[in-house]
$ cat my_file_27.cif   # mmCIF, C-alpha atoms and all ligand atoms
data_final
#
loop_
_atom_site.label_atom_id
_atom_site.label_comp_id
_atom_site.auth_asym_id
_atom_site.auth_seq_id
_atom_site.Cartn_x
_atom_site.Cartn_y
_atom_site.Cartn_z
CA MET A 181 -121.42 -173.61 34.17
CA ILE A 182 -121.40 -172.14 37.68
CA ASP A 183 -118.09 -171.05 39.20
CA SER A 184 -116.97 -171.38 42.84
CA TYR A 185 -118.73 -168.13 43.79
CA GLY A 186 -122.09 -168.94 42.21
CA ARG A 187 -121.56 -166.94 39.02
CA SER A 188 -122.94 -168.43 35.83
CA ILE A 189 -120.27 -168.24 33.10
CA THR A 190 -122.03 -167.55 29.83
CA TYR A 191 -119.72 -165.14 28.00
CA LEU A 192 -116.42 -165.80 26.19
CA ARG A 193 -114.17 -163.00 25.00
CA LEU A 194 -112.00 -164.43 22.29
CA SER A 195 -108.97 -162.57 21.00
CA VAL A 196 -108.16 -163.65 17.45
CA THR A 197 -104.95 -161.65 16.98
CA GLU A 198 -102.50 -159.52 18.95
CA LEU A 199 -101.80 -157.40 15.89
CA CYS A 200 -103.40 -154.02 15.34
CA ASN A 201 -103.35 -151.30 12.70
CA LEU A 202 -103.36 -148.67 15.49
CA ARG A 203 -101.10 -148.29 18.53
CA CYS A 204 -103.30 -146.84 21.28
CA ARG A 205 -101.05 -145.50 24.04
CA TYR A 206 -102.92 -147.16 26.92
CA CYS A 207 -103.18 -150.49 25.12
CA MET A 208 -99.90 -151.41 23.46
CA PRO A 209 -96.30 -150.34 22.93
CA ALA A 210 -95.28 -147.88 20.21
CA ASP A 211 -93.25 -150.44 18.33
CA GLY A 212 -96.24 -152.70 17.96
CA VAL A 213 -96.00 -156.21 19.21
CA CYS A 214 -93.26 -158.74 19.10
CA LYS A 215 -94.96 -160.90 16.53
CA LYS A 216 -95.14 -164.40 17.95
CA ARG A 217 -94.34 -167.38 15.80
CA HIS A 218 -97.25 -168.70 13.80
CA GLU A 219 -96.97 -172.07 15.59
CA GLU A 220 -97.61 -170.38 18.95
CA MET A 221 -101.00 -169.02 17.94
CA LEU A 222 -104.27 -170.94 17.86
CA THR A 223 -105.10 -172.22 14.39
CA GLN A 224 -108.57 -171.53 12.97
CA GLU A 225 -109.48 -175.17 13.71
CA GLU A 226 -108.32 -174.80 17.33
CA THR A 227 -110.18 -171.52 17.68
CA LEU A 228 -113.39 -173.11 16.46
CA ALA A 229 -112.87 -176.13 18.74
CA ALA A 230 -112.47 -173.72 21.67
CA ILE A 231 -115.74 -171.99 20.75
CA ARG A 232 -117.52 -175.36 20.61
CA ALA A 233 -115.98 -176.36 23.94
CA ALA A 234 -117.15 -173.11 25.54
CA ALA A 235 -120.64 -173.53 24.09
CA SER A 236 -120.80 -177.09 25.47
CA LEU A 237 -120.21 -175.61 28.96
CA GLY A 238 -122.99 -173.05 28.65
CA VAL A 239 -121.32 -170.06 26.95
CA ARG A 240 -124.04 -168.29 24.94
CA LYS A 241 -122.43 -164.96 24.12
CA LEU A 242 -119.18 -164.70 22.18
CA ARG A 243 -117.18 -161.54 21.61
CA ILE A 244 -114.43 -161.54 19.00
CA THR A 245 -111.71 -159.05 19.83
CA GLY A 246 -107.94 -158.50 19.63
CA GLY A 247 -105.57 -156.71 18.83
CA GLU A 248 -107.68 -155.56 15.93
CA PRO A 249 -109.81 -158.48 14.76
CA LEU A 250 -110.43 -156.91 11.36
CA VAL A 251 -106.74 -157.15 10.38
CA LYS A 252 -107.09 -160.93 10.45
CA PRO A 253 -107.42 -162.08 6.83
CA ASN A 254 -109.94 -164.86 7.61
CA ILE A 255 -112.09 -162.80 9.99
CA VAL A 256 -115.30 -163.07 7.94
CA SER A 257 -115.14 -166.86 7.62
CA LEU A 258 -114.20 -167.19 11.30
CA CYS A 259 -117.24 -165.12 12.26
CA ARG A 260 -119.47 -167.16 9.96
CA GLU A 261 -118.34 -170.41 11.61
CA ALA A 262 -118.59 -168.92 15.10
CA ALA A 263 -122.12 -167.66 14.46
CA ALA A 264 -123.17 -171.12 13.27
CA THR A 265 -121.82 -172.90 16.39
CA PRO A 266 -124.71 -174.61 18.21
CA GLY A 267 -125.30 -172.88 21.55
CA ILE A 268 -123.85 -169.50 20.55
CA GLU A 269 -126.81 -167.14 20.64
CA GLU A 270 -125.08 -163.80 20.29
CA LEU A 271 -121.94 -162.96 18.32
CA CYS A 272 -120.37 -159.57 19.03
CA LEU A 273 -117.18 -158.00 17.79
CA THR A 274 -115.03 -155.17 19.19
CA THR A 275 -113.10 -153.08 16.68
CA ASN A 276 -111.47 -149.69 16.25
CA GLY A 277 -113.78 -149.32 13.24
CA THR A 278 -111.21 -148.13 10.72
CA LEU A 279 -111.62 -151.19 8.49
CA LEU A 280 -115.41 -151.31 8.72
CA PRO A 281 -116.02 -149.39 5.47
CA ARG A 282 -114.87 -152.56 3.67
CA LEU A 283 -115.97 -155.17 6.20
CA ALA A 284 -119.19 -154.05 7.91
CA ALA A 285 -121.54 -155.57 5.30
CA PRO A 286 -119.66 -158.92 5.00
CA LEU A 287 -119.53 -159.25 8.80
CA ARG A 288 -123.24 -158.57 9.10
CA GLU A 289 -123.94 -161.13 6.39
CA ALA A 290 -121.65 -163.64 8.18
CA GLY A 291 -123.83 -163.44 11.29
CA VAL A 292 -122.19 -160.87 13.57
CA ASP A 293 -125.05 -159.51 15.70
CA ARG A 294 -123.48 -156.50 17.37
CA LEU A 295 -120.46 -154.22 17.13
CA ASN A 296 -118.57 -152.24 19.74
CA ILE A 297 -116.47 -149.51 18.15
CA SER A 298 -113.73 -147.68 20.03
CA LEU A 299 -113.61 -143.90 19.79
CA ASP A 300 -111.75 -141.82 22.38
CA THR A 301 -111.90 -138.35 20.84
CA LEU A 302 -113.59 -136.27 18.15
CA ASP A 303 -110.49 -134.23 17.44
CA ALA A 304 -108.42 -135.48 14.50
CA GLU A 305 -105.09 -134.36 16.04
CA LYS A 306 -105.89 -135.99 19.37
CA TYR A 307 -107.05 -139.16 17.61
CA ARG A 308 -103.68 -139.32 15.83
CA TYR A 309 -101.96 -138.75 19.17
CA ILE A 310 -103.79 -141.37 21.24
CA THR A 311 -103.69 -144.03 18.48
CA ARG A 312 -100.15 -142.95 17.50
CA CYS A 313 -101.08 -143.27 13.80
CA GLY A 314 -104.86 -143.37 13.21
CA GLU A 315 -107.11 -141.11 11.15
CA LEU A 316 -110.33 -140.04 12.86
CA GLU A 317 -112.20 -139.83 9.57
CA GLN A 318 -111.62 -143.56 8.97
CA ALA A 319 -113.12 -144.45 12.36
CA VAL A 320 -116.12 -142.19 11.72
CA ALA A 321 -116.56 -143.71 8.24
CA GLY A 322 -116.48 -147.11 9.96
CA ILE A 323 -119.31 -146.15 12.32
CA GLU A 324 -121.37 -144.91 9.41
CA ALA A 325 -120.63 -148.07 7.41
CA ALA A 326 -121.80 -150.19 10.35
CA LEU A 327 -125.07 -148.23 10.53
CA ASP A 328 -125.51 -148.52 6.74
CA ALA A 329 -124.91 -152.28 6.95
CA GLY A 330 -127.88 -152.54 9.31
CA PHE A 331 -126.11 -153.12 12.62
CA GLU A 332 -128.36 -152.19 15.51
CA LYS A 333 -127.43 -151.49 19.13
CA ILE A 334 -123.93 -150.36 18.18
CA LYS A 335 -121.88 -149.29 21.19
CA LEU A 336 -119.13 -146.73 21.01
CA ASN A 337 -116.44 -147.30 23.65
CA THR A 338 -114.58 -144.29 25.00
CA VAL A 339 -111.77 -144.73 27.49
CA LEU A 340 -112.08 -141.80 29.89
CA ILE A 341 -108.66 -140.20 30.28
CA GLY A 342 -108.13 -137.21 32.55
CA GLY A 343 -106.24 -134.42 30.79
CA PHE A 344 -106.95 -135.97 27.40
CA ASN A 345 -110.66 -136.31 26.67
CA ASP A 346 -112.47 -135.22 29.86
CA GLY A 347 -113.09 -131.85 28.16
CA GLU A 348 -114.90 -133.73 25.39
CA ILE A 349 -117.40 -135.53 27.63
CA PRO A 350 -120.37 -133.43 26.38
CA ALA A 351 -119.38 -133.72 22.70
CA LEU A 352 -118.80 -137.47 22.94
CA ALA A 353 -122.06 -138.05 24.82
CA ALA A 354 -123.86 -135.96 22.17
CA LEU A 355 -122.99 -138.64 19.58
CA THR A 356 -126.02 -140.47 21.02
CA ARG A 357 -128.10 -137.66 19.53
CA ARG A 358 -126.34 -137.75 16.15
CA TRP A 359 -126.54 -141.55 15.71
CA PRO A 360 -128.77 -144.34 17.13
CA VAL A 361 -125.88 -145.73 19.20
CA ASP A 362 -124.99 -146.10 22.87
CA LEU A 363 -121.77 -144.49 24.05
CA ARG A 364 -119.98 -145.93 27.04
CA PHE A 365 -117.31 -144.18 29.03
CA ILE A 366 -114.87 -146.76 30.42
CA GLU A 367 -112.41 -146.05 33.20
CA LEU A 368 -108.77 -146.30 32.19
CA MET A 369 -107.36 -149.51 33.65
CA PRO A 370 -103.78 -149.55 34.97
CA MET A 371 -102.34 -152.19 32.64
CA VAL A 372 -98.67 -152.76 31.76
CA ASP A 373 -98.85 -150.28 28.90
CA SER A 374 -100.90 -147.57 30.48
CA GLY A 375 -97.71 -146.59 32.30
CA ASP A 376 -97.33 -143.33 30.35
CA PHE A 377 -100.41 -141.97 32.10
CA GLY A 378 -100.05 -140.22 35.45
CA PRO A 379 -102.48 -140.45 38.39
CA GLU A 380 -104.60 -137.58 36.97
CA ALA A 381 -105.47 -139.72 33.94
CA PHE A 382 -107.39 -142.22 36.08
CA LEU A 383 -110.77 -140.52 36.40
CA PRO A 384 -113.76 -142.23 38.00
CA CYS A 385 -116.89 -142.35 35.84
CA THR A 386 -118.58 -139.94 38.27
CA ALA A 387 -116.67 -137.27 36.30
CA VAL A 388 -119.25 -137.86 33.55
CA THR A 389 -122.33 -137.41 35.73
CA GLU A 390 -120.76 -134.33 37.32
CA ARG A 391 -120.10 -132.84 33.89
CA LEU A 392 -123.53 -133.82 32.53
CA PRO A 393 -126.12 -133.30 35.28
CA GLU A 394 -128.84 -133.46 32.61
CA LEU A 395 -128.28 -137.22 32.19
CA VAL A 396 -131.43 -139.13 33.09
CA PRO A 397 -130.92 -142.59 34.68
CA GLU A 398 -132.25 -145.55 32.66
CA GLU A 399 -133.26 -149.04 33.75
CA PRO A 400 -130.31 -151.49 33.91
CA ASP A 401 -130.21 -153.90 30.94
CA GLY A 402 -128.29 -156.73 32.60
CA GLY A 403 -124.91 -155.46 31.38
CA VAL A 404 -122.07 -153.96 33.40
CA ALA A 405 -122.74 -150.33 32.43
CA LYS A 406 -124.77 -147.89 34.54
CA LEU A 407 -127.13 -146.39 32.00
CA TYR A 408 -128.34 -142.85 31.37
CA ARG A 409 -129.82 -140.87 28.50
CA LEU A 410 -129.41 -137.30 27.37
CA PRO A 411 -132.87 -135.75 26.91
CA GLY A 412 -134.04 -136.46 23.37
CA ALA A 413 -131.11 -138.71 22.49
CA GLN A 414 -131.51 -141.78 20.29
CA GLY A 415 -129.03 -143.85 22.30
CA ARG A 416 -127.90 -144.17 25.90
CA VAL A 417 -124.78 -143.12 27.75
CA GLY A 418 -123.21 -145.94 29.78
CA LEU A 419 -120.64 -145.74 32.53
CA ILE A 420 -118.32 -148.69 33.06
CA SER A 421 -116.26 -148.51 36.25
CA PRO A 422 -113.87 -151.48 36.51
CA VAL A 423 -111.59 -149.43 38.77
CA SER A 424 -113.79 -147.27 41.01
CA ALA A 425 -116.72 -149.70 41.40
CA HIS A 426 -115.74 -153.14 40.18
CA PHE A 427 -118.42 -155.55 39.01
CA CYS A 428 -116.59 -158.81 39.81
CA ALA A 429 -119.61 -160.22 41.68
CA ALA A 430 -121.52 -160.18 38.39
CA CYS A 431 -118.62 -161.24 36.15
CA ASN A 432 -119.82 -163.94 33.76
CA ARG A 433 -116.74 -163.87 31.51
CA LEU A 434 -113.92 -166.10 30.48
CA ARG A 435 -111.17 -164.84 28.15
CA LEU A 436 -109.11 -166.68 25.59
CA THR A 437 -106.02 -165.06 24.10
CA ALA A 438 -104.92 -165.45 20.49
CA ASP A 439 -102.06 -167.70 21.64
CA GLY A 440 -104.49 -170.01 23.37
CA LYS A 441 -104.28 -168.94 27.01
CA LEU A 442 -107.49 -169.04 29.01
CA LYS A 443 -107.70 -166.22 31.50
CA PRO A 444 -110.23 -166.75 34.29
CA CYS A 445 -109.82 -163.06 35.24
CA LEU A 446 -108.63 -160.10 33.16
CA HIS A 447 -106.38 -158.77 35.94
CA SER A 448 -104.90 -162.02 37.20
CA ALA A 449 -101.62 -163.50 35.97
CA ASP A 450 -103.20 -166.98 35.91
CA GLU A 451 -103.39 -168.56 32.48
CA ILE A 452 -104.31 -172.05 31.30
CA SER A 453 -103.09 -173.15 27.87
CA LEU A 454 -105.39 -174.73 25.31
CA LYS A 455 -102.81 -174.86 22.52
CA GLY A 456 -102.52 -178.31 20.94
CA LEU A 457 -105.56 -179.79 22.70
CA ASP A 458 -108.59 -181.32 21.04
CA GLN A 459 -112.14 -180.16 21.86
CA ALA A 460 -112.53 -182.63 24.75
CA GLY A 461 -109.20 -181.52 26.26
CA MET A 462 -110.19 -177.88 25.85
CA THR A 463 -113.52 -178.51 27.58
CA GLU A 464 -111.71 -179.98 30.58
CA LYS A 465 -109.32 -177.01 30.78
CA MET A 466 -112.23 -174.59 30.53
CA ARG A 467 -113.93 -176.32 33.43
CA GLU A 468 -110.68 -175.88 35.37
CA ALA A 469 -110.46 -172.20 34.42
CA ILE A 470 -114.05 -171.52 35.46
CA LEU A 471 -113.47 -173.14 38.85
CA ALA A 472 -110.24 -171.13 39.22
CA LYS A 473 -112.03 -167.81 38.61
CA PRO A 474 -111.12 -165.54 41.52
CA LYS A 475 -113.74 -163.73 43.58
CA TRP A 476 -112.49 -160.32 42.48
CA HIS A 477 -109.60 -158.74 40.65
CA GLY A 478 -108.04 -157.11 43.67
CA GLU A 479 -107.39 -153.42 44.27
CA LEU A 480 -106.75 -151.47 41.06
CA SER A 481 -105.43 -147.93 40.89
CA TYR A 482 -102.60 -145.94 39.42
CA TYR A 483 -100.48 -147.25 42.31
CA GLU A 484 -101.85 -150.80 42.44
CA ARG A 485 -101.61 -152.04 38.91
CA SER A 486 -103.18 -155.00 37.17
CA HIS A 487 -101.41 -158.32 37.78
CA ALA A 488 -102.07 -159.35 34.19
CA ALA A 489 -98.63 -159.72 32.70
CA ARG A 490 -99.93 -158.74 29.28
CA ASN A 491 -100.98 -155.60 27.48
CA MET A 492 -104.64 -155.28 26.52
CA ASN A 493 -103.87 -156.01 22.85
CA GLN A 494 -102.45 -159.37 24.01
CA ILE A 495 -105.48 -160.17 26.15
CA GLY A 496 -108.43 -158.82 24.20
CA GLY A 497 -110.54 -156.01 25.60
N1 LIG B 1 -108.80 -153.11 18.41
C1 LIG B 1 -110.11 -153.21 18.95
C2 LIG B 1 -110.58 -151.87 19.49
O1 LIG B 1 -109.85 -150.87 19.34
O2 LIG B 1 -111.68 -151.81 20.03
C3 LIG B 1 -110.33 -154.33 19.95
C4 LIG B 1 -109.27 -154.56 20.99
S1 LIG B 1 -109.10 -153.29 22.20
C5 LIG B 1 -107.90 -154.05 23.26
C6 LIG B 1 -110.63 -153.45 23.07
C7 LIG B 1 -110.98 -152.34 24.01
O3 LIG B 1 -110.06 -152.33 25.08
C8 LIG B 1 -110.97 -150.97 23.39
O4 LIG B 1 -112.24 -150.36 23.57
C9 LIG B 1 -109.90 -150.25 24.18
O5 LIG B 1 -110.19 -148.90 24.31
C10 LIG B 1 -109.95 -150.99 25.50
N2 LIG B 1 -108.72 -150.83 26.29
C11 LIG B 1 -107.46 -151.12 25.96
N3 LIG B 1 -106.61 -150.81 26.96
C12 LIG B 1 -107.36 -150.30 27.96
C13 LIG B 1 -107.07 -149.79 29.26
N4 LIG B 1 -105.83 -149.73 29.74
N5 LIG B 1 -108.11 -149.36 30.01
C14 LIG B 1 -109.39 -149.40 29.56
N6 LIG B 1 -109.72 -149.87 28.34
C15 LIG B 1 -108.72 -150.31 27.54
#
$ encode --input "my_file_27.cif" --output "C-alpha cells" --more "lines below"
Ligand code: SAM
Amino acid sequence: MIDSYGRSITYLRLSVTELCNLRCRYCMPADGVCKKRHEEMLTQEETLAAIRAAASLGVRKLRITGGEPLVKPNIVSLCREAAATPGIEELCLTTNGTLLPRLAAPLREAGVDRLNISLDTLDAEKYRYITRCGELEQAVAGIEAALDAGFEKIKLNTVLIGGFNDGEIPALAALTRRWPVDLRFIELMPMVDSGDFGPEAFLPCTAVTERLPELVPEEPDGGVAKLYRLPGAQGRVGLISPVSAHFCAACNRLRLTADGKLKPCLHSADEISLKGLDQAGMTEKMREAILAKPKWHGELSYYERSHAARNMNQIGG
C-alpha cells in the first residue's frame, strides 16, 4: 500500500514482548518493565491475524523483535506460523543473541531467514555495564550458534555511544573479518530511556569513517545503511544515521507493539490499537495507520527528544 507521501509500505516490525533478559541502559529502565496484564497483550491468534492483515496490504518483509523475542516461550511456533503466512517473503528477527545457543537451529528450521544480533562492545566488563546484567560470552556464543545453524547475511547491530564504545570502532568493525557478517553502527536515538546519556554520547556515524579511513564504499543494497567494507573483510560495515541524516523519505515501515498498538512512525506519539479486532478490523486500522504516516520524524537530538512516549523495549527496535 502507498502512503500519503508516495512511500510503498512493505515492512512490518512486530514486537512480540516487552520483556527482556538484559536491561540495556539506552533501551529500558533498570527495574525492567512494569509487566502489563496478560489481557492487555496481543494473543498469538491476534498476532497472526495482524501478520495476515499486513500481508494482505502488501507487507512482504516481517521483523520479529521486542523486548527480547527469544524469551517468549512460543517464539519458535510463532515464527513457523509467520513464515508460512501467504505474502510474507522474508522473516527476520532481532535479538541480543544470548539465547541463540539453544534456539538458533530451531528458529532456522521454523523458517526465520535472517538474524540481526545486537553487540555494543567486545569488553566483558563494558558489556555487563551497558546491559546491566549480561555476559559477553553468551552473546558471542549466540553469534557462533547462528553461523553454525546456517544463517547467512547475519547483521550485528552496534549502537554508537560516545565515551562508551567509540574507542572500539576498529575492533568492532574488524568482526567483519573474523566472521562472514555485516556490522552496522547505529546512532544512539534520544528515547525516553536514553536520558542517562549526555550530549557527548550522541555521535554522528561520520565518527566511524573518520576513525576508519580505510573503509571502501560499497554499492547500496536498498536498505537504510550506507555501506562500506574493510579491505579483505568477509562482511560489510554499515552506517545507520536516524539522527544526523534521517531516511524518512525512504521509510517503508509500520510497527506493531506487543500490546497491539500500531505505530505509523517510531518517533511519533500516535498509536492505533488493534487489540480485540478481527483480521478485517485490523486491516482497516492498518490502512488508517499507513495513511497517517507522517512525512518525517521531526528534529531529533540530545535536546529535541523523540515524541514516542515509550522506551525502545516497548516499541520494538
Ligand atoms: N532485544 C533485542 C536486541 O537486543 O536486539 C531486540 C529489541 S532491541 C529494542 C532492538 C534494537 O534496538 C537493538 O539493536 C538496540 O540496540 C536498539 N536500540 C534500543 N534503544 C536504542 C536507542 N535509544 N538508540 C538506538 N538504538 C536503540
$ atom_distance --input "my_file_27.cif" --atom1 "CA of Val361 in chain A" --atom2 "CA of Gly267 in chain A"
27.3 Å
$ closest_atom_pairs --input "my_file_27.cif" --of "chain A" --to "ligand LIG 1 (chain B)" --cutoff "6 Å" --atoms "only C-alpha atoms and all ligand atoms" --output "tab-separated table"
residue	atom	partner	partner_atom	distance
A:Tyr206	CA	B:LIG1	N4	4.8
A:Cys207	CA	B:LIG1	N3	3.9
A:Thr245	CA	B:LIG1	C3	4.9
A:Gly246	CA	B:LIG1	C4	4.4
A:Gly247	CA	B:LIG1	C4	4.8
A:Glu248	CA	B:LIG1	N1	3.7
A:Thr274	CA	B:LIG1	O2	4.8
A:Thr275	CA	B:LIG1	C1	3.8
A:Asn276	CA	B:LIG1	O1	3.7
A:Ile297	CA	B:LIG1	O2	5.6
A:Ser298	CA	B:LIG1	O2	4.6
A:Asn337	CA	B:LIG1	O4	5.2
A:Val339	CA	B:LIG1	O5	5.5
A:Glu367	CA	B:LIG1	C14	5.8
A:Leu368	CA	B:LIG1	N5	3.8
A:Met369	CA	B:LIG1	N5	3.7
A:Pro370	CA	B:LIG1	N4	5.6
A:Met371	CA	B:LIG1	N4	5.2
A:Ser374	CA	B:LIG1	N4	5.4
A:Met492	CA	B:LIG1	C5	4.8
A:Asn493	CA	B:LIG1	C5	4.5
A:Gly496	CA	B:LIG1	C5	4.9
A:Gly497	CA	B:LIG1	C6	3.6
$ closest_residue --input "my_file_27.cif" --among "A:Met466, A:Leu407, A:Ala353, A:Ala325" --to "Val239 in chain A" --atoms "only C-alpha atoms"
A:Met466
$ atom_distance --input "my_file_27.cif" --atom1 "CA of Ala262 in chain A" --atom2 "CA of Tyr191 in chain A"
13.5 Å
$ residues_around --input "my_file_27.cif" --residues "range 307-313 of chain A" --least-positions-apart "5" --cutoff "10 Å" --atoms "only C-alpha atoms" --output "PyMOL selection string"
chain A and resi 201-210+276+299-302+319+344
$ closest_residue --input "my_file_27.cif" --among "A:Ala460, A:Leu471, A:Ile452, A:Asp362" --to "Leu419 in chain A" --atoms "only C-alpha atoms"
A:Asp362
$ atom_distance --input "my_file_27.cif" --atom1 "CA of Leu436 in chain A" --atom2 "CA of Ser195 in chain A"
6.2 Å
$ residues_around --input "my_file_27.cif" --residues "Thr356 in chain A" --least-positions-apart "3" --cutoff "12 Å" --atoms "all atoms listed in the file" --output "count of residues only"
27
$ closest_residue --input "my_file_27.cif" --among "A:Pro286, A:Gly238, A:Pro397, A:Gly277" --to "Leu258 in chain A" --atoms "only C-alpha atoms"
A:Pro286
$ closest_residue --input "my_file_27.cif" --among "A:Val320, A:Ala264, A:Leu279, A:Ala438" --to "Glu198 in chain A" --atoms "only C-alpha atoms"
A:Ala438
$ closest_residue --input "my_file_27.cif" --among "A:Thr190, A:Ile323, A:Gly343, A:Ala381" --to "Glu269 in chain A" --atoms "all atoms listed in the file"
A:Thr190
$ closest_residue --input "my_file_27.cif" --among "A:Asp183, A:Asp211, A:Glu270, A:Glu226" --to "Gln459 in chain A" --atoms "only C-alpha atoms"
A:Glu226
$ axis_aligned_box --input "my_file_27.cif" --around "range 183-194 of chain A" --padding-each-side "6 Å" --output "lines of an AutoDock Vina configuration file"
center_x = -117.5
center_y = -167.2
center_z = 33.0
size_x = 22.9
size_y = 20.4
size_z = 33.5
$ residues_around --input "my_file_27.cif" --residues "Glu451 in chain A" --least-positions-apart "5" --cutoff "10 Å" --atoms "only C-alpha atoms" --output "VMD selection string"
chain A and resid 435 to 437 440 to 446 469 472 488
$ residues_around --input "my_file_27.cif" --residues "Ala285 in chain A" --least-positions-apart "2" --cutoff "12 Å" --atoms "only C-alpha atoms" --output "ChimeraX atom specification"
/A:256,279-283,287-293,295,322-331
$ residues_around --input "my_file_27.cif" --residues "Lys475 in chain A" --least-positions-apart "5" --cutoff "12 Å" --atoms "only C-alpha atoms" --output "list in words"
Asp183, Ser184, Tyr185, Gly186, Arg187, His426, Phe427, Cys428, Ala429, Ala430, Cys431, Asn432, Pro444, Cys445, His447, Ser448 and Ile470 of chain A
$ write_last_selection --input "my_file_27.cif" --atoms "C-alpha atoms" --output "mmCIF file, keeping the file's coordinate frame"
data_model
loop_
_atom_site.group_PDB
_atom_site.id
_atom_site.type_symbol
_atom_site.label_atom_id
_atom_site.label_comp_id
_atom_site.auth_asym_id
_atom_site.auth_seq_id
_atom_site.Cartn_x
_atom_site.Cartn_y
_atom_site.Cartn_z
ATOM 1 C CA ASP A 183 -118.090 -171.050 39.200
ATOM 2 C CA SER A 184 -116.970 -171.380 42.840
ATOM 3 C CA TYR A 185 -118.730 -168.130 43.790
ATOM 4 C CA GLY A 186 -122.090 -168.940 42.210
ATOM 5 C CA ARG A 187 -121.560 -166.940 39.020
ATOM 6 C CA HIS A 426 -115.740 -153.140 40.180
ATOM 7 C CA PHE A 427 -118.420 -155.550 39.010
ATOM 8 C CA CYS A 428 -116.590 -158.810 39.810
ATOM 9 C CA ALA A 429 -119.610 -160.220 41.680
ATOM 10 C CA ALA A 430 -121.520 -160.180 38.390
ATOM 11 C CA CYS A 431 -118.620 -161.240 36.150
ATOM 12 C CA ASN A 432 -119.820 -163.940 33.760
ATOM 13 C CA PRO A 444 -110.230 -166.750 34.290
ATOM 14 C CA CYS A 445 -109.820 -163.060 35.240
ATOM 15 C CA HIS A 447 -106.380 -158.770 35.940
ATOM 16 C CA SER A 448 -104.900 -162.020 37.200
ATOM 17 C CA ILE A 470 -114.050 -171.520 35.460
#
